[in-house]
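Visitor: Quick one: the structure is below, and I'll ask about it shortly.
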Amino acid sequence: MLRPIRTLAAAAAALALVSACNSASDGSSPGKPGSAGDSRGVSADSIKVGGIVSMTSASGYSKKDTDLGAKARYLRANAEGGINGRKIDYLGAEDDGQDPAKNMAAARKLVQQDKVFAVAPMSSVTFSGADFLEQEKVPTFGWGTLPSFCGPKYIYGFNGCLVPSPGGTLNQTWPEGIGRLLGGAQGKSVAVIANDSDAGKFGIRTFQQGFAAAGFKVAYAKASVPATAVPSDWSAYVKDILESNDGKAPDAVVSVMQTPNNIGLFTALKRSGYRGLLSDPTDYDPGLLAKDATRQALDGVHVLLQFQPFESADPKMDRFKADIKAAAGGREVPLNMHMLTGYMSADLFVSIARKAGKELTVESFQAAAQGFSDTGTLVGDRSEPKGQKDSFGCGALVQLRGGAYEVSVPFSCRQPIPFK
């Protein structure tokens with residue numbers, strides 16, 4: 001974990017006591033996060049930050065490298081002098097095991113016990129701690145793939161809001177990218193499948209609308225796969241999909257699921273003789289290529305990205321790779337999308353916190369966020385509070401071919417559509 005020099009602990013504790021006394025004397029309350037006297041997680045020398053990440057799960061799926069990505073960005077920020085003279089004291093990420101109860105427990109621990117200023121990253125398929133973090137006014141950053149990243153004042157998606165409520169917008173990278181690969185969406189059909197969970201049902205709703213808006217016939221759209229265990233038999237799902245387009249197979253099958261489910265579904269589809277386009281938003285991970293069975297199951301699959309591909313020649317991608325190597329102790333490690341998720345969550349937090357100035361409180365942070373914008377990042381142009389309602393509209397597609405990823409649709413930003 002990243003920690004400031006331990007000998008500063010006593011001085012920081014003394015400073016916190018003095019700050020509390022000063023707050024009491026001027027009538028402000030240090031116990032109310034967001035007030036001008038609030039110093040939760042902030043000392044003269046450091047800013048305390050923690051994370052919540054699904055390191056483990058019942059299916060074996062792991063987002064653990066999200067933590068490494070965040071660490072990499074914080075290491076560079078500290079090497080550059082920190083945030084307006086304060087070093088980032090990154091405690092590392094709590095493992096929620098994709099369990100709602102553990103997600104809530106992790107949020108409570110970070111705030112009530114560790115007393116962090118911010119949570120960055122938060123990366124899980126569950127975010128039961130969202131209301132608590134919002135109530136406690138804890139700036140929180142993660143991948144905006146859950147409804148909790150859309151609307152609350154203190155919760156930010158590093159690429160904006162991807163699952164909005166009515167009145168927001170939908171990112172069209174996936175539908176328009178697949179349309180480009182198929183030579184146009186008109187006259188083409190797509191099947192969308194997800195897990196039977198709140199996130200899966202919302203994903204079906206959003207992507208069904210997005211693909212229809214792009215001109216596709218949505219032949220199948222179901223959140224029907226159990227969320228708690230990977231099916232051992234995919235034949236019923238495959239049969240339904242292959243007959244969904246008026247008795248014929250659709251032109252594309254889009255899975256809004258995690259790697260273990262994708263491997264099972266795509267393997268079953270290929271064995272059935274399906275030759276259409278396969279796509280998911282998850283399996284951009286060179287580590288998956290180590291096993292022959294996994295590599296074969298995912299060969300040919302187009303993966304949705306909401307950031308610059310690792311294959312990009314952008315200098316910012318070179319810097320990301322160098323930062324990851326430094327955080328890994330100088331070792332070359334296989335890159336994956338979870339690293340980028342952690343890195344960009346941390347990057348948005350750092351960027352806003354620097355704008356907040358030397359007098360860092362939740363109040364000054366939120367004021368800085370209200371007028372924040374920058375351009376040309378690894379996720380495109382960013383602005384707040386736009387990102388709490390809308391997606392930043394950028395992305396790419398990569399395809400696994402012959403054991404390596406290739407860019408199939410280059411990174412670009414598209415006009416989002418209204419979500420109804």
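Note on naming: chains are A, B, ... as they come in the structure tokens, residues start from 1 per chain, ligands start from 1 in the order shown.
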Just the residues within 8 Å of range 153-170 of chain A, please, counting only C-alpha atoms, with nothing from its chain fewer than 4 positions along; format it as a PyMOL selection string.
Guide: chain A and resi 130+133-134+137-149+202-203+206+210+306+341+344-345+348+366+379+382+386-393+416-420
Visitor: Neighbours of Asp374 in chain A within 10 Å (only C-alpha atoms; same-chain residues fewer than 4 positions away dropped), as a ChimeraX atom specification?
Guide: /A:348,351,380-384
Visitor: With N, CA and C atoms retained, export the selected residues as a PDB file, in the first residue's frame.
Guide:
```
ATOM      1  N   LEU A 348      -9.320  10.784 -12.297  1.00  0.00           N
ATOM      2  CA  LEU A 348     -10.368  11.804 -12.204  1.00  0.00           C
ATOM      3  C   LEU A 348     -10.378  12.409 -10.803  1.00  0.00           C
ATOM      4  N   SER A 351      -7.366  14.789 -10.542  1.00  0.00           N
ATOM      5  CA  SER A 351      -7.538  15.984 -11.369  1.00  0.00           C
ATOM      6  C   SER A 351      -8.476  16.993 -10.714  1.00  0.00           C
ATOM      7  N   GLY A 380     -11.311  10.170 -23.376  1.00  0.00           N
ATOM      8  CA  GLY A 380     -11.871  11.262 -24.158  1.00  0.00           C
ATOM      9  C   GLY A 380     -11.973  12.545 -23.353  1.00  0.00           C
ATOM     10  N   ASP A 381     -12.885  13.412 -23.757  1.00  0.00           N
ATOM     11  CA  ASP A 381     -13.091  14.686 -23.064  1.00  0.00           C
ATOM     12  C   ASP A 381     -14.003  14.467 -21.857  1.00  0.00           C
ATOM     13  N   ARG A 382     -13.621  15.084 -20.721  1.00  0.00           N
ATOM     14  CA  ARG A 382     -14.396  14.892 -19.497  1.00  0.00           C
ATOM     15  C   ARG A 382     -14.948  16.231 -19.010  1.00  0.00           C
ATOM     16  N   SER A 383     -16.118  16.200 -18.382  1.00  0.00           N
ATOM     17  CA  SER A 383     -16.636  17.403 -17.728  1.00  0.00           C
ATOM     18  C   SER A 383     -17.629  16.995 -16.656  1.00  0.00           C
ATOM     19  N   GLU A 384     -17.672  17.789 -15.614  1.00  0.00           N
ATOM     20  CA  GLU A 384     -18.623  17.596 -14.518  1.00  0.00           C
ATOM     21  C   GLU A 384     -19.380  18.895 -14.270  1.00  0.00           C
TER      22      GLU A 384
END
```
Visitor: Extract, using only C-alpha atoms, all DNA, RNA and protein residues at most 9 Å from Val49 in chain A, discarding same-chain residues fewer than 2 positions from it, and format them as a PyMOL selection string.
Guide: chain A and resi 41+47+51+88-92+110+115-120
Visitor: Hey, could you make a per-residue contact list for range 131-241 of chain A against range 398-409 of chain A with 9 Å as the cut-off, showing the nearest pair of atoms and its distance in Å to one decimal, counting only C-alpha atoms, sorted by chain and number, as JSON lines?
Guide:
```
{"residue": "A:Gly177", "atom": "CA", "partner": "A:Val409", "partner_atom": "CA", "distance": 6.2}
{"residue": "A:Ile178", "atom": "CA", "partner": "A:Val409", "partner_atom": "CA", "distance": 8.5}
{"residue": "A:Arg180", "atom": "CA", "partner": "A:Val409", "partner_atom": "CA", "distance": 7.9}
{"residue": "A:Leu181", "atom": "CA", "partner": "A:Val409", "partner_atom": "CA", "distance": 7.8}
```
Visitor: Please produce an output containing N, CA, C and O atoms for each residue in the selection, written as a short mmCIF file (atom, residue, chain, number, x, y, z; two decimals), in the first residue's frame.
Guide:
```
data_model
loop_
_atom_site.label_atom_id
_atom_site.label_comp_id
_atom_site.auth_asym_id
_atom_site.auth_seq_id
_atom_site.Cartn_x
_atom_site.Cartn_y
_atom_site.Cartn_z
N GLY A 177 -20.51 0.77 -33.39
CA GLY A 177 -19.30 0.01 -33.74
C GLY A 177 -19.62 -1.31 -34.40
O GLY A 177 -19.03 -1.70 -35.41
N ILE A 178 -20.59 -2.03 -33.82
CA ILE A 178 -20.99 -3.31 -34.42
C ILE A 178 -21.66 -3.08 -35.78
O ILE A 178 -21.45 -3.86 -36.73
N ARG A 180 -20.86 -0.81 -37.86
CA ARG A 180 -19.75 -0.58 -38.79
C ARG A 180 -19.11 -1.90 -39.21
O ARG A 180 -18.80 -2.10 -40.39
N LEU A 181 -18.96 -2.83 -38.28
CA LEU A 181 -18.35 -4.12 -38.59
C LEU A 181 -19.23 -4.96 -39.51
O LEU A 181 -18.73 -5.77 -40.30
#
```
Visitor: Select from range 255-282 of chain A every residue with an atom at most 7 Å from any atom of range 189-197 of chain A, then for each give the shortest pair of atoms and their distance in Å to one decimal, using only C-alpha atoms, rows by chain and rising number, as a Markdown table.
Guide:
```
| residue | atom | partner | partner_atom | distance |
| --- | --- | --- | --- | --- |
| A:Ser255 | CA | A:Ile193 | CA | 5.1 |
| A:Val256 | CA | A:Ala194 | CA | 4.9 |
| A:Met257 | CA | A:Ala194 | CA | 5.6 |
```
Visitor: Convert the current residue selection to file output with N, CA, C and O atoms, as a short mmCIF file (atom, residue, chain, number, x, y, z; two decimals), in the first residue's frame.
Guide:
```cif
data_model
loop_
_atom_site.label_atom_id
_atom_site.label_comp_id
_atom_site.auth_asym_id
_atom_site.auth_seq_id
_atom_site.Cartn_x
_atom_site.Cartn_y
_atom_site.Cartn_z
N SER A 255 -23.25 -10.23 -25.43
CA SER A 255 -23.36 -10.70 -24.06
C SER A 255 -23.00 -9.58 -23.09
O SER A 255 -21.91 -9.01 -23.17
N VAL A 256 -23.90 -9.27 -22.17
CA VAL A 256 -23.64 -8.27 -21.14
C VAL A 256 -23.32 -9.01 -19.84
O VAL A 256 -23.96 -8.83 -18.81
N MET A 257 -22.32 -9.92 -19.92
CA MET A 257 -21.98 -10.77 -18.77
C MET A 257 -20.46 -10.80 -18.57
O MET A 257 -19.71 -10.22 -19.34
#
```
Visitor: So which bits of range 28-202 of chain A end up strand (DSSP E or B) when you DSSP the backbone, as number ranges by chain?
Guide: A: 42, 46-53, 83, 86-95, 118-123, 140-142, 155-158, 160, 169-170, 189-196
Visitor: Using only C-alpha atoms for the distances, tell me which of A:Ala367, A:Ala252, A:Ala268, A:Ile352 is nearest to Ser232 in chain A.
Guide: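 Of the candidates, the smallest distance to Ser232 in chain A is held by A:Ala268.
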Visitor: Find the residues around range 216-222 of chain A up to 9 Å (only C-alpha atoms counted), leave out those fewer than 3 positions away in its own chain, and share them as JSON, numbers by chain.
Guide: {"A": [175, 179, 184, 185, 186, 187, 188, 189, 190, 191, 192, 193, 194, 195, 196, 200, 201, 204, 205, 207, 208, 209, 210, 211, 212, 213, 225, 240, 241, 244, 245, 246, 250]}
Visitor: Counting only C-alpha atoms, which of A:Arg108, A:Gly85, A:His302, A:Glu332 gets nearest to Gln135 in chain A?
Guide: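 That would be A:Arg108, the residue with the smallest distance to Gln135 in chain A.
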Visitor: Quick check for you: according to DSSP on this backbone, which residues of range 170-277 of chain A are classed as helix (DSSP H, G or I)? Reply as a PyMOL selection string.
Guide: chain A and resi 173-181+198-213+235-242+259-271
Visitor: Identify, on the basis of only C-alpha atoms, every residue whose closest approach to Ser235 in chain A does not exceed 12 Å; exclude the query and any residue fewer than 2 positions from it along the same chain; express the result as a list in words.
Guide: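 What passes the distance filter is Pro231, Ser232, Asp233, Tyr237, Val238, Lys239, Asp240, Ile241, Leu242, Gly264, Leu265, Phe266, Thr267, Ala268, Leu269, Lys270, Arg271 and Ser272 of chain A.
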